[in-house]
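Q: This is entry.cif (mmCIF, C-alpha atoms).
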data_data
#
loop_
_atom_site.label_atom_id
_atom_site.label_comp_id
_atom_site.auth_asym_id
_atom_site.auth_seq_id
_atom_site.Cartn_x
_atom_site.Cartn_y
_atom_site.Cartn_z
CA MET O 12 129.27 104.29 50.62
CA ASN O 13 129.47 107.71 48.94
CA GLN O 14 126.47 109.96 48.38
CA HIS O 15 126.31 109.35 44.62
CA HIS O 16 126.30 105.57 45.06
CA SER O 17 123.65 105.82 47.80
CA GLN O 18 121.36 107.87 45.59
CA HIS O 19 121.87 105.48 42.69
CA LEU O 20 121.06 102.48 44.88
CA LEU O 21 117.91 104.18 46.23
CA ARG O 22 116.79 104.95 42.69
CA MET O 23 117.30 101.33 41.64
CA ILE O 24 115.35 100.01 44.63
CA LEU O 25 112.45 102.39 44.11
CA SER O 26 112.39 101.73 40.39
CA CYS O 27 112.18 97.97 40.99
CA LEU O 28 109.40 98.42 43.50
CA ILE O 29 107.45 100.68 41.16
CA ILE O 30 107.81 98.23 38.29
CA PHE O 31 106.81 95.30 40.51
CA PHE O 32 103.78 97.12 41.85
CA THR O 33 102.67 98.20 38.38
CA LEU O 34 102.98 94.71 36.94
CA SER O 35 101.29 93.02 39.89
CA SER O 36 98.44 95.50 40.34
CA ALA O 37 96.21 93.77 37.77
CA GLY O 38 95.91 90.78 40.08
CA CYS O 39 95.44 92.69 43.30
CA GLY O 40 91.81 93.00 44.32
CA GLN O 41 92.51 95.76 46.84
CA ASN O 42 94.25 98.05 44.34
CA LEU O 43 92.24 101.28 44.28
CA GLY O 44 93.47 102.19 40.80
CA ASN O 45 92.36 99.02 39.01
CA ASN O 46 89.09 100.49 37.75
CA ILE O 47 90.90 103.33 35.99
CA PRO O 48 91.51 102.70 32.27
CA SER O 49 95.08 102.82 31.01
CA ILE O 50 96.31 105.78 29.01
CA SER O 51 99.12 106.25 26.51
CA LEU O 52 102.29 106.97 28.46
CA PRO O 53 105.38 108.68 27.04
CA LYS O 54 107.40 105.46 27.12
CA LYS O 55 110.54 104.76 25.10
CA GLN O 56 108.75 104.14 21.81
CA LYS O 57 109.86 105.29 18.37
CA ASP O 58 107.34 108.13 18.34
CA ALA O 59 108.13 109.40 21.85
CA VAL O 60 109.70 112.84 22.21
CA ALA O 61 113.02 112.57 24.04
CA LEU O 62 113.54 115.20 26.72
CA SER O 63 116.57 116.62 28.49
CA GLY O 64 117.39 119.53 30.79
CA ASN O 65 116.65 120.74 34.29
CA TYR O 66 113.08 121.24 35.52
CA SER O 67 112.07 122.30 39.02
CA GLY O 68 108.91 122.54 41.05
CA ALA O 69 108.01 123.68 44.55
CA GLY O 70 105.06 123.73 46.90
CA ALA O 71 102.96 121.48 49.10
CA SER O 72 104.96 119.41 51.56
CA SER O 73 102.15 116.84 51.52
CA GLN O 74 103.24 115.83 48.01
CA GLN O 75 106.95 115.50 48.81
CA SER O 76 107.12 111.72 49.19
CA ALA O 77 104.90 111.13 46.17
CA ILE O 78 106.94 113.47 44.00
CA GLN O 79 110.17 111.74 44.99
CA THR O 80 108.60 108.50 43.75
CA TRP O 81 107.32 110.15 40.56
CA ILE O 82 110.76 111.57 39.80
CA VAL O 83 112.26 108.08 39.96
CA GLY O 84 109.52 106.66 37.74
CA PHE O 85 109.67 109.51 35.24
CA ASN O 86 113.44 109.19 34.95
CA GLU O 87 112.92 105.61 33.82
CA LEU O 88 111.04 107.12 30.88
CA GLN O 89 113.23 110.19 30.38
CA PRO O 90 116.68 109.54 31.91
CA ALA O 91 118.19 112.78 30.54
CA VAL O 92 115.79 114.96 32.55
CA ASN O 93 116.98 116.33 35.89
CA LEU O 94 114.04 116.99 38.20
CA SER O 95 113.87 118.65 41.62
CA TYR O 96 111.11 119.66 44.03
CA ASP O 97 111.24 122.00 47.02
CA PRO O 98 108.53 121.15 49.63
CA SER O 99 108.33 124.79 50.74
CA GLY O 100 104.57 124.78 51.33
CA SER O 101 101.64 125.55 49.04
CA GLY O 102 101.82 129.33 49.41
CA ALA O 103 105.56 129.56 48.80
CA GLY O 104 105.41 127.14 45.87
CA VAL O 105 102.68 129.08 44.10
CA ALA O 106 104.60 132.32 44.67
CA THR O 107 107.75 130.96 43.03
CA PHE O 108 105.72 129.57 40.13
CA LEU O 109 104.08 132.96 39.55
CA ASN O 110 107.54 134.55 39.61
CA GLY O 111 108.65 132.20 36.86
CA ALA O 112 111.23 130.44 39.04
CA ASN O 113 109.65 126.97 38.67
CA VAL O 114 107.98 125.09 35.86
CA TRP O 115 105.17 123.82 38.05
CA ALA O 116 103.89 124.14 41.60
CA GLY O 117 102.21 121.79 44.02
CA SER O 118 99.38 123.19 46.12
CA ASP O 119 96.83 121.73 48.51
CA ILE O 120 94.32 124.37 47.40
CA PRO O 121 93.33 125.76 44.00
CA LEU O 122 94.54 129.15 42.82
CA ASN O 123 92.54 132.14 44.02
CA ASN O 124 91.32 134.93 41.74
CA GLU O 125 94.34 137.14 42.35
CA GLN O 126 96.76 134.30 41.64
CA LEU O 127 94.87 133.48 38.44
CA ARG O 128 95.18 137.07 37.25
CA ASN O 129 98.88 137.13 38.10
CA SER O 130 99.45 133.87 36.20
CA GLU O 131 98.62 135.59 32.89
CA THR O 132 102.09 137.11 32.92
CA ILE O 133 103.96 133.80 32.83
CA CYS O 134 101.25 131.95 30.86
CA HIS O 135 101.38 134.39 27.94
CA GLY O 136 98.00 135.98 28.43
CA HIS O 137 96.26 132.82 29.63
CA THR O 138 95.47 131.77 33.19
CA ALA O 139 97.20 128.81 34.81
CA PHE O 140 95.30 125.64 35.54
CA ASP O 141 95.27 123.46 38.65
CA LEU O 142 94.93 119.71 38.19
CA PRO O 143 94.48 117.14 40.99
CA ASP O 144 97.49 114.85 41.29
CA TYR O 145 97.50 113.70 44.92
CA ALA O 146 94.79 112.82 47.42
CA ALA O 147 95.09 111.85 51.08
CA PRO O 148 93.19 112.02 54.36
CA ILE O 149 94.15 114.66 56.91
CA ALA O 150 94.59 112.85 60.21
CA ILE O 151 94.05 114.43 63.59
CA THR O 152 96.93 113.06 65.61
CA TYR O 153 97.61 113.31 69.35
CA ASN O 154 100.14 112.29 71.97
CA LEU O 155 98.88 110.71 75.19
CA SER O 156 101.44 107.91 75.21
CA SER O 157 102.10 107.84 78.96
CA TYR O 158 98.40 107.21 79.56
CA GLY O 159 98.15 104.28 77.15
CA LEU O 160 95.73 106.12 74.88
CA ASN O 161 97.65 106.47 71.64
CA ALA O 162 96.31 103.12 70.39
CA LYS O 163 92.72 103.80 71.48
CA HIS O 164 91.61 106.05 68.59
CA LEU O 165 89.78 108.75 70.51
CA HIS O 166 86.28 109.45 69.21
CA LEU O 167 85.60 113.11 68.44
CA THR O 168 82.81 115.02 66.71
CA ALA O 169 83.36 118.01 64.43
CA GLN O 170 82.07 120.30 67.18
CA VAL O 171 84.53 119.00 69.77
CA ILE O 172 87.41 119.10 67.28
CA ALA O 173 86.58 122.72 66.52
CA GLU O 174 86.38 123.59 70.22
CA ILE O 175 89.75 121.95 70.88
CA PHE O 176 91.51 123.80 68.08
CA ASN O 177 89.86 127.17 68.75
CA GLY O 178 90.88 126.97 72.42
CA THR O 179 87.43 126.48 73.99
CA ILE O 180 88.15 122.96 75.31
CA THR O 181 91.48 123.11 77.11
CA ASN O 182 91.83 119.87 79.09
CA TRP O 183 91.90 116.22 78.10
CA ASP O 184 89.49 115.15 80.85
CA SER O 185 86.85 117.68 79.79
CA PRO O 186 83.22 116.48 79.98
CA GLN O 187 82.83 116.84 76.21
CA ILE O 188 85.67 114.42 75.42
CA LYS O 189 84.68 111.99 78.19
CA ALA O 190 81.10 111.82 76.91
CA LEU O 191 82.31 110.71 73.49
CA ASN O 192 84.72 108.12 74.92
CA PRO O 193 82.92 106.36 77.81
CA SER O 194 85.03 103.20 77.66
CA ILE O 195 88.25 105.13 78.36
CA ALA O 196 86.83 108.15 80.20
CA SER O 197 88.58 107.19 83.44
CA GLN O 198 91.94 107.12 81.63
CA LEU O 199 91.68 110.61 80.19
CA PRO O 200 94.23 112.69 82.14
CA ASP O 201 93.90 116.01 83.90
CA LEU O 202 96.29 117.49 81.36
CA SER O 203 96.22 120.65 79.30
CA ILE O 204 95.55 120.31 75.57
CA THR O 205 98.06 121.96 73.26
CA PRO O 206 96.77 122.31 69.70
CA VAL O 207 99.59 122.27 67.14
CA TRP O 208 99.01 124.07 63.86
CA ARG O 209 100.95 125.04 60.75
CA SER O 210 102.83 128.31 61.24
CA ASP O 211 103.56 128.58 57.50
CA LYS O 212 101.07 129.33 54.74
CA SER O 213 99.53 125.93 54.17
CA GLY O 214 96.93 124.34 51.94
CA THR O 215 96.55 121.57 54.51
CA THR O 216 95.48 124.23 57.00
CA LYS O 217 92.90 125.61 54.58
CA ASN O 218 91.48 122.14 53.89
CA PHE O 219 91.26 121.39 57.62
CA GLU O 220 89.60 124.74 58.33
CA GLU O 221 87.15 124.20 55.47
CA TYR O 222 86.05 120.96 57.11
CA LEU O 223 85.59 122.65 60.49
CA ALA O 224 83.69 125.59 58.98
CA ALA O 225 81.38 123.23 57.08
CA ALA O 226 80.84 120.59 59.78
CA ALA O 227 80.91 122.83 62.90
CA PRO O 228 79.89 126.31 61.70
CA HIS O 229 78.76 127.51 65.13
CA ASP O 230 82.13 126.70 66.67
CA TRP O 231 84.45 127.55 63.79
CA THR O 232 83.41 131.04 62.74
CA LYS O 233 86.60 132.20 61.05
CA THR O 234 86.92 132.30 57.27
CA SER O 235 88.96 129.35 56.02
CA SER O 236 92.51 130.41 55.26
CA GLU O 237 95.98 129.13 54.45
CA ASN O 238 97.07 130.98 57.60
CA TRP O 239 95.89 129.43 60.88
CA SER O 240 92.92 131.34 62.25
CA TYR O 241 93.21 130.98 66.03
CA GLN O 242 95.94 131.60 68.58
CA ALA O 243 95.48 128.69 71.01
CA GLY O 244 98.37 126.24 71.15
CA GLN O 245 101.63 126.25 69.21
CA GLY O 246 102.65 126.71 65.58
CA ALA O 247 105.11 124.51 63.69
CA LYS O 248 106.51 124.82 60.17
CA GLY O 249 105.57 122.23 57.59
CA THR O 250 104.00 118.81 57.91
CA SER O 251 107.16 117.42 59.46
CA GLY O 252 107.22 120.26 62.00
CA VAL O 253 103.68 119.47 63.17
CA ILE O 254 104.46 115.75 63.49
CA GLN O 255 107.69 116.37 65.40
CA THR O 256 106.04 118.83 67.79
CA VAL O 257 103.23 116.39 68.59
CA LEU O 258 105.75 113.57 68.96
CA GLN O 259 107.93 115.50 71.41
CA ALA O 260 105.31 116.73 73.88
CA GLU O 261 102.44 114.90 75.58
CA GLY O 262 99.06 116.57 75.59
CA THR O 263 99.50 117.85 72.04
CA ILE O 264 97.10 117.40 69.15
CA GLY O 265 97.67 118.38 65.52
CA TYR O 266 96.56 117.81 61.95
CA ALA O 267 98.65 116.44 59.06
CA ASP O 268 98.63 114.27 55.97
CA ALA O 269 97.77 110.85 57.43
CA ALA O 270 100.52 109.12 55.46
CA GLN O 271 103.15 111.15 57.29
CA VAL O 272 101.89 110.56 60.83
CA THR O 273 104.62 108.81 62.82
CA SER O 274 103.89 105.30 64.02
CA GLY O 275 102.94 105.28 67.68
CA LEU O 276 101.00 108.54 67.79
CA GLY O 277 97.27 108.47 68.40
CA ILE O 278 94.82 109.04 65.54
CA VAL O 279 91.30 110.37 66.06
CA ALA O 280 88.25 108.55 64.68
CA VAL O 281 85.90 111.26 63.41
CA HIS O 282 82.14 111.15 63.83
CA VAL O 283 80.28 110.55 60.54
CA GLY O 284 76.59 109.68 60.50
CA THR O 285 76.09 107.19 63.31
CA ASN O 286 79.68 105.91 63.49
CA TYR O 287 83.29 107.01 63.91
CA VAL O 288 85.64 106.75 60.94
CA LEU O 289 89.43 106.51 60.74
CA PRO O 290 91.46 108.03 57.88
CA THR O 291 91.88 104.82 55.89
CA ASP O 292 92.45 104.40 52.15
CA ILE O 293 88.96 103.01 51.63
CA ALA O 294 87.25 105.75 53.65
CA THR O 295 89.14 108.41 51.69
CA SER O 296 88.42 106.70 48.37
CA ASN O 297 84.74 106.78 49.32
CA ALA O 298 85.02 110.52 49.92
CA LEU O 299 86.63 111.03 46.51
CA SER O 300 83.82 109.10 44.83
CA GLN O 301 81.29 111.42 46.48
CA SER O 302 83.16 114.55 45.44
CA THR O 303 82.03 116.85 42.68
CA ILE O 304 84.07 118.69 40.05
CA LEU O 305 83.29 122.39 39.80
CA PRO O 306 82.36 123.70 36.33
CA SER O 307 85.21 125.35 34.42
CA THR O 308 85.72 126.72 30.92
CA THR O 309 89.51 127.11 31.24
CA GLY O 310 90.60 123.52 31.89
CA ARG O 311 90.79 123.78 35.66
CA VAL O 312 89.73 120.66 37.58
CA ILE O 313 88.65 121.77 41.06
CA VAL O 314 87.30 119.12 43.42
CA SER O 315 84.65 119.86 46.05
CA LEU O 316 84.97 117.39 48.93
CA PRO O 317 82.01 116.05 50.99
CA HIS O 318 82.95 117.54 54.40
CA THR O 319 79.45 117.07 55.83
CA THR O 320 78.82 113.57 54.52
CA THR O 321 76.83 111.10 56.61
CA VAL O 322 77.59 108.11 54.35
CA ALA O 323 79.02 105.14 56.22
CA ASN O 324 82.78 104.55 56.10
CA THR O 325 83.52 107.92 54.48
CA TYR O 326 86.30 110.01 55.99
CA PRO O 327 85.32 113.70 55.84
CA ILE O 328 88.68 115.47 56.34
CA ASP O 329 90.65 115.02 53.16
CA LEU O 330 92.85 117.01 50.85
CA VAL O 331 93.17 116.93 47.12
CA SER O 332 96.47 118.45 46.10
CA TYR O 333 97.02 120.07 42.73
CA ALA O 334 99.73 120.45 40.12
CA ILE O 335 99.75 124.01 38.79
CA ALA O 336 101.09 124.78 35.32
CA CYS O 337 100.37 126.85 32.21
CA PRO O 338 98.06 125.86 29.35
CA VAL O 339 100.35 127.47 26.75
CA TYR O 340 104.10 127.88 26.29
CA THR O 341 106.39 129.60 23.81
CA ASN O 342 109.07 126.98 24.43
CA ASN O 343 108.35 123.61 22.85
CA SER O 344 110.65 121.64 25.17
CA LYS O 345 109.01 123.09 28.29
CA ALA O 346 105.52 122.40 26.93
CA GLU O 347 106.47 118.82 26.09
CA PHE O 348 107.98 118.28 29.54
CA VAL O 349 104.88 119.59 31.36
CA LYS O 350 102.64 117.43 29.20
CA GLN O 351 104.66 114.27 29.77
CA TRP O 352 105.27 114.92 33.48
CA LEU O 353 101.62 115.58 34.29
CA THR O 354 100.52 112.62 32.17
CA TYR O 355 102.87 110.34 34.08
CA ILE O 356 101.93 111.43 37.59
CA ASP O 357 98.21 111.13 36.88
CA SER O 358 98.57 107.80 35.07
CA VAL O 359 97.69 104.46 36.62
CA GLU O 360 101.39 103.78 37.04
CA GLY O 361 102.09 107.12 38.70
CA GLN O 362 99.10 107.02 41.03
CA ASP O 363 99.74 103.42 42.09
CA ALA O 364 103.44 104.08 42.69
CA ALA O 365 102.61 107.07 44.91
CA HIS O 366 100.02 105.01 46.77
CA MET O 367 102.60 102.34 47.50
CA THR O 368 105.42 104.63 48.65
CA SER O 369 103.67 107.69 50.11
CA GLY O 370 100.32 106.39 51.30
CA SER O 371 98.29 108.62 48.99
CA VAL O 372 94.95 107.45 47.62
CA PRO O 373 94.67 107.01 43.83
CA LEU O 374 92.41 109.57 42.19
CA SER O 375 88.98 108.38 41.09
CA HIS O 376 88.12 107.69 37.45
CA ASN O 377 85.95 110.77 36.95
CA ILE O 378 88.67 113.09 38.29
CA ARG O 379 91.44 111.53 36.19
CA THR O 380 89.35 111.69 33.03
CA LYS O 381 88.92 115.45 33.36
CA VAL O 382 92.60 115.90 34.23
CA MET O 383 93.75 114.07 31.10
CA GLU O 384 91.50 116.20 28.90
CA THR O 385 93.23 119.34 30.15
CA ILE O 386 96.74 117.88 29.84
CA GLN O 387 96.12 116.99 26.20
CA SER O 388 95.10 120.60 25.49
CA ILE O 389 98.53 122.04 26.46
CA ARG O 390 99.99 123.78 23.41
CA VAL O 391 102.79 125.99 22.10
CA VAL O 392 102.14 129.52 20.84
CA ALA O 393 104.39 131.98 19.04
CA SER O 394 106.28 134.39 21.29
#
Re-express the file's structure as structure tokens.
A:
Amino acid sequence: MNQHHSQHLLRMILSCLIIFFTLSSAGCGQNLGNNIPSISLPKKQKDAVALSGNYSGAGASSQQSAIQTWIVGFNELQPAVNLSYDPSGSGAGVATFLNGANVWAGSDIPLNNEQLRNSETICHGHTAFDLPDYAAPIAITYNLSSYGLNAKHLHLTAQVIAEIFNGTITNWDSPQIKALNPSIASQLPDLSITPVWRSDKSGTTKNFEEYLAAAAPHDWTKTSSENWSYQAGQGAKGTSGVIQTVLQAEGTIGYADAAQVTSGLGIVAVHVGTNYVLPTDIATSNALSQSTILPSTTGRVIVSLPHTTTVANTYPIDLVSYAIACPVYTNNSKAEFVKQWLTYIDSVEGQDAAHMTSGSVPLSHNIRTKVMETIQSIRVVAS
């Protein structure tokens, strides 16, 4: 089977799955997107604007699987559009967007003040906006397979997690870990802990560090950053690099988008309130519902996550990833593409399709409502 035929077959399969999921979601009680009202999608209607041309994006590797799904779904609406996405990491993606090389960027963190100022150049005197398009829990994953512990879901508090990743706790049979896991304490090995962290500039890193700084401030004293703050352990590039490094060496522990954690690795249950919580869809959805949207006068929709929550069955280590684009364009075709693309990926159809294929968690109603308000405000100005 040649490459072209393989790609065509994959597109057909994914398209069928997306259509099936969309049509069947109304009868599925567990569908997290069912409480979100439908919006007007740019479907093949007589008043729809037909699009064509090449459009590229780059950025967060956490979004890669979701964006592959969205590209398939969007091409069902606009078959003459050729879309591509480079999962180069949040920092690299934002940099290429600010250089004008890509139409949009994906980032696991909002733009900082310097990036906002720099965006005025490509946004014709206006600042870019960042809109949530993808949400997922960040799992803490480990490899103790030879000791039969990968299926046990180790219990860890924020303090112990911080001490593991900052290099204070260095062995798996440490008293701190044993005390939190009495039923398996005798199985914890005399084995060095190797923290695995992102070596590239990463929004996932910043989200993880923000949790540690908020929930364990006495043990995580560094300022949250896209660049890993401590030197203990080993760096790996990208989400896939972290997963592969943990998979290949016992005694390792890392952090990554939960949907991309390889089957068979251990996943930590994190202490919240009086219980320990796993990174499930429901627990992440609960976190999203407790989130707040920061005030903005420029159309930005920035989500503040509840890292220190004590509410039952709420997972506290999550990421909300953003699509970054301009509010104004001098090119009508580009403006229309951005408007339609962002509308699709934040629609019920787009969010449910990503949930099915990538494991993301559909955005909550209040977040999506604000996002759609900004998308509708995108406009064309004279050059």
Q: By how many Å are CA of Ala247 in chain O and CA of Asp211 in chain O apart?
A: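 It comes out at 7.6 Å.
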Q: What does the distance between CA of Val105 in chain O and CA of Cys337 in chain O come to in Å, to one decimal place?
A: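 Calculated distance between CA of Val105 in chain O and CA of Cys337 in chain O is 12.3 Å.
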Q: Could you please determine the separation between CA of Ser371 in chain O and CA of Lys350 in chain O in Å, to one decimal place?
A: 22.1 Å
Q: Can you list what the PyMOL selection byres ((chain O and resi 284-289) around 7) grabs from this structure, as a PyMOL selection string?
A: chain O and resi 166+279-283+290-291+321-326
Q: With only C-alpha atoms as the basis for distance, which of O:Ala150, O:Asp144, O:Leu199, O:Leu191 is at the shortest distance from Leu167 in chain O?
A: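 Under the stated criterion, the closest residue is O:Leu191.
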Q: Can you give me, as a PDB file with C-alpha atoms, keeping the file's coordinate frame, the residues this file yields under the PyMOL selection byres ((chain O and resi 133) around 10)?
A:
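Output below, filename result_36.pdb:
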ATOM      1  CA  PHE O 108     105.720 129.570  40.130  1.00  0.00           C
ATOM      2  CA  LEU O 109     104.080 132.960  39.550  1.00  0.00           C
ATOM      3  CA  ASN O 110     107.540 134.550  39.610  1.00  0.00           C
ATOM      4  CA  GLY O 111     108.650 132.200  36.860  1.00  0.00           C
ATOM      5  CA  ASN O 129      98.880 137.130  38.100  1.00  0.00           C
ATOM      6  CA  SER O 130      99.450 133.870  36.200  1.00  0.00           C
ATOM      7  CA  GLU O 131      98.620 135.590  32.890  1.00  0.00           C
ATOM      8  CA  THR O 132     102.090 137.110  32.920  1.00  0.00           C
ATOM      9  CA  CYS O 134     101.250 131.950  30.860  1.00  0.00           C
ATOM     10  CA  HIS O 135     101.380 134.390  27.940  1.00  0.00           C
ATOM     11  CA  GLY O 136      98.000 135.980  28.430  1.00  0.00           C
ATOM     12  CA  HIS O 137      96.260 132.820  29.630  1.00  0.00           C
ATOM     13  CA  THR O 138      95.470 131.770  33.190  1.00  0.00           C
ATOM     14  CA  ALA O 139      97.200 128.810  34.810  1.00  0.00           C
ATOM     15  CA  ALA O 336     101.090 124.780  35.320  1.00  0.00           C
ATOM     16  CA  CYS O 337     100.370 126.850  32.210  1.00  0.00           C
ATOM     17  CA  VAL O 339     100.350 127.470  26.750  1.00  0.00           C
ATOM     18  CA  TYR O 340     104.100 127.880  26.290  1.00  0.00           C
TER      19      TYR O 340
END
Q: In terms of the shortest atom-to-atom distance over all atoms listed in the file, which of O:Thr205, O:Gln351, O:Gly70, O:Thr341 is closest to Asn86 in chain O?
A: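 Selected residue with least distance to Asn86 in chain O: O:Gln351.
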Q: Using the chain letters and numbers from this file, what does the PyMOL selection byres ((chain O and resi 377) around 12) select? Give the answer as a PDB file with C-alpha atoms, in the frame of the given file.
A:
ATOM      1  CA  ASN O  46      89.090 100.490  37.750  1.00  0.00           C
ATOM      2  CA  ILE O  47      90.900 103.330  35.990  1.00  0.00           C
ATOM      3  CA  PRO O  48      91.510 102.700  32.270  1.00  0.00           C
ATOM      4  CA  PRO O 143      94.480 117.140  40.990  1.00  0.00           C
ATOM      5  CA  LEU O 299      86.630 111.030  46.510  1.00  0.00           C
ATOM      6  CA  SER O 300      83.820 109.100  44.830  1.00  0.00           C
ATOM      7  CA  GLN O 301      81.290 111.420  46.480  1.00  0.00           C
ATOM      8  CA  SER O 302      83.160 114.550  45.440  1.00  0.00           C
ATOM      9  CA  THR O 303      82.030 116.850  42.680  1.00  0.00           C
ATOM     10  CA  ILE O 304      84.070 118.690  40.050  1.00  0.00           C
ATOM     11  CA  VAL O 312      89.730 120.660  37.580  1.00  0.00           C
ATOM     12  CA  VAL O 314      87.300 119.120  43.420  1.00  0.00           C
ATOM     13  CA  PRO O 373      94.670 107.010  43.830  1.00  0.00           C
ATOM     14  CA  LEU O 374      92.410 109.570  42.190  1.00  0.00           C
ATOM     15  CA  SER O 375      88.980 108.380  41.090  1.00  0.00           C
ATOM     16  CA  HIS O 376      88.120 107.690  37.450  1.00  0.00           C
ATOM     17  CA  ILE O 378      88.670 113.090  38.290  1.00  0.00           C
ATOM     18  CA  ARG O 379      91.440 111.530  36.190  1.00  0.00           C
ATOM     19  CA  THR O 380      89.350 111.690  33.030  1.00  0.00           C
ATOM     20  CA  LYS O 381      88.920 115.450  33.360  1.00  0.00           C
ATOM     21  CA  VAL O 382      92.600 115.900  34.230  1.00  0.00           C
ATOM     22  CA  MET O 383      93.750 114.070  31.100  1.00  0.00           C
ATOM     23  CA  GLU O 384      91.500 116.200  28.900  1.00  0.00           C
TER      24      GLU O 384
END
Q: Within 8 Å of (90.2, 114.0, 83.3) (coordinates as in the file), grab all the protein and nucleic acid residues, counting all atoms listed in the file, and write them out as a PyMOL selection string.
A: chain O and resi 182-185+189+196-202
Q: Write out, as a short mmCIF file (atom, residue, chain, number, x, y, z; two decimals), in the coordinates of the input, the residues just selected, with C-alpha atoms.
A:
data_model
loop_
_atom_site.label_atom_id
_atom_site.label_comp_id
_atom_site.auth_asym_id
_atom_site.auth_seq_id
_atom_site.Cartn_x
_atom_site.Cartn_y
_atom_site.Cartn_z
CA ASN O 182 91.83 119.87 79.09
CA TRP O 183 91.90 116.22 78.10
CA ASP O 184 89.49 115.15 80.85
CA SER O 185 86.85 117.68 79.79
CA LYS O 189 84.68 111.99 78.19
CA ALA O 196 86.83 108.15 80.20
CA SER O 197 88.58 107.19 83.44
CA GLN O 198 91.94 107.12 81.63
CA LEU O 199 91.68 110.61 80.19
CA PRO O 200 94.23 112.69 82.14
CA ASP O 201 93.90 116.01 83.90
CA LEU O 202 96.29 117.49 81.36
#
Q: Show me a table, sorted first by chain and then by increasing residue number, of the residues of range 248-342 of chain O having an atom at most 8 Å from range 221-238 of chain O, each with its shortest atom pair and the distance in Å to one decimal, counting only C-alpha atoms and written as CSV.
A:
residue,atom,partner,partner_atom,distance
O:His318,CA,O:Tyr222,CA,5.4
O:Thr319,CA,O:Ala226,CA,5.5
O:Pro327,CA,O:Tyr222,CA,7.4
O:Ile328,CA,O:Tyr222,CA,6.1
Q: Residues near Ile149 in chain O, anyone? I mean within 9 Å using only C-alpha atoms, not counting same-chain ones fewer than 6 positions away, as a ChimeraX atom specification.
A: /O:215,218-219,266-270,290,327-330
Q: Hey, what's within 9 Å of Leu155 in chain O if we count all atoms listed in the file and toss same-chain stuff fewer than 5 positions away? As a PyMOL selection string, please?
A: chain O and resi 160-161+199-200+260-263+276-277
Q: Print the selection's residues with C-alpha atoms to a file, as a tab-separated table (two decimals), in the frame of the given file.
A:
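That gives us result_20.tsv:
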chain	number	residue	atom	x	y	z
O	160	LEU	CA	95.73	106.12	74.88
O	161	ASN	CA	97.65	106.47	71.64
O	199	LEU	CA	91.68	110.61	80.19
O	200	PRO	CA	94.23	112.69	82.14
O	260	ALA	CA	105.31	116.73	73.88
O	261	GLU	CA	102.44	114.90	75.58
O	262	GLY	CA	99.06	116.57	75.59
O	263	THR	CA	99.50	117.85	72.04
O	276	LEU	CA	101.00	108.54	67.79
O	277	GLY	CA	97.27	108.47	68.40
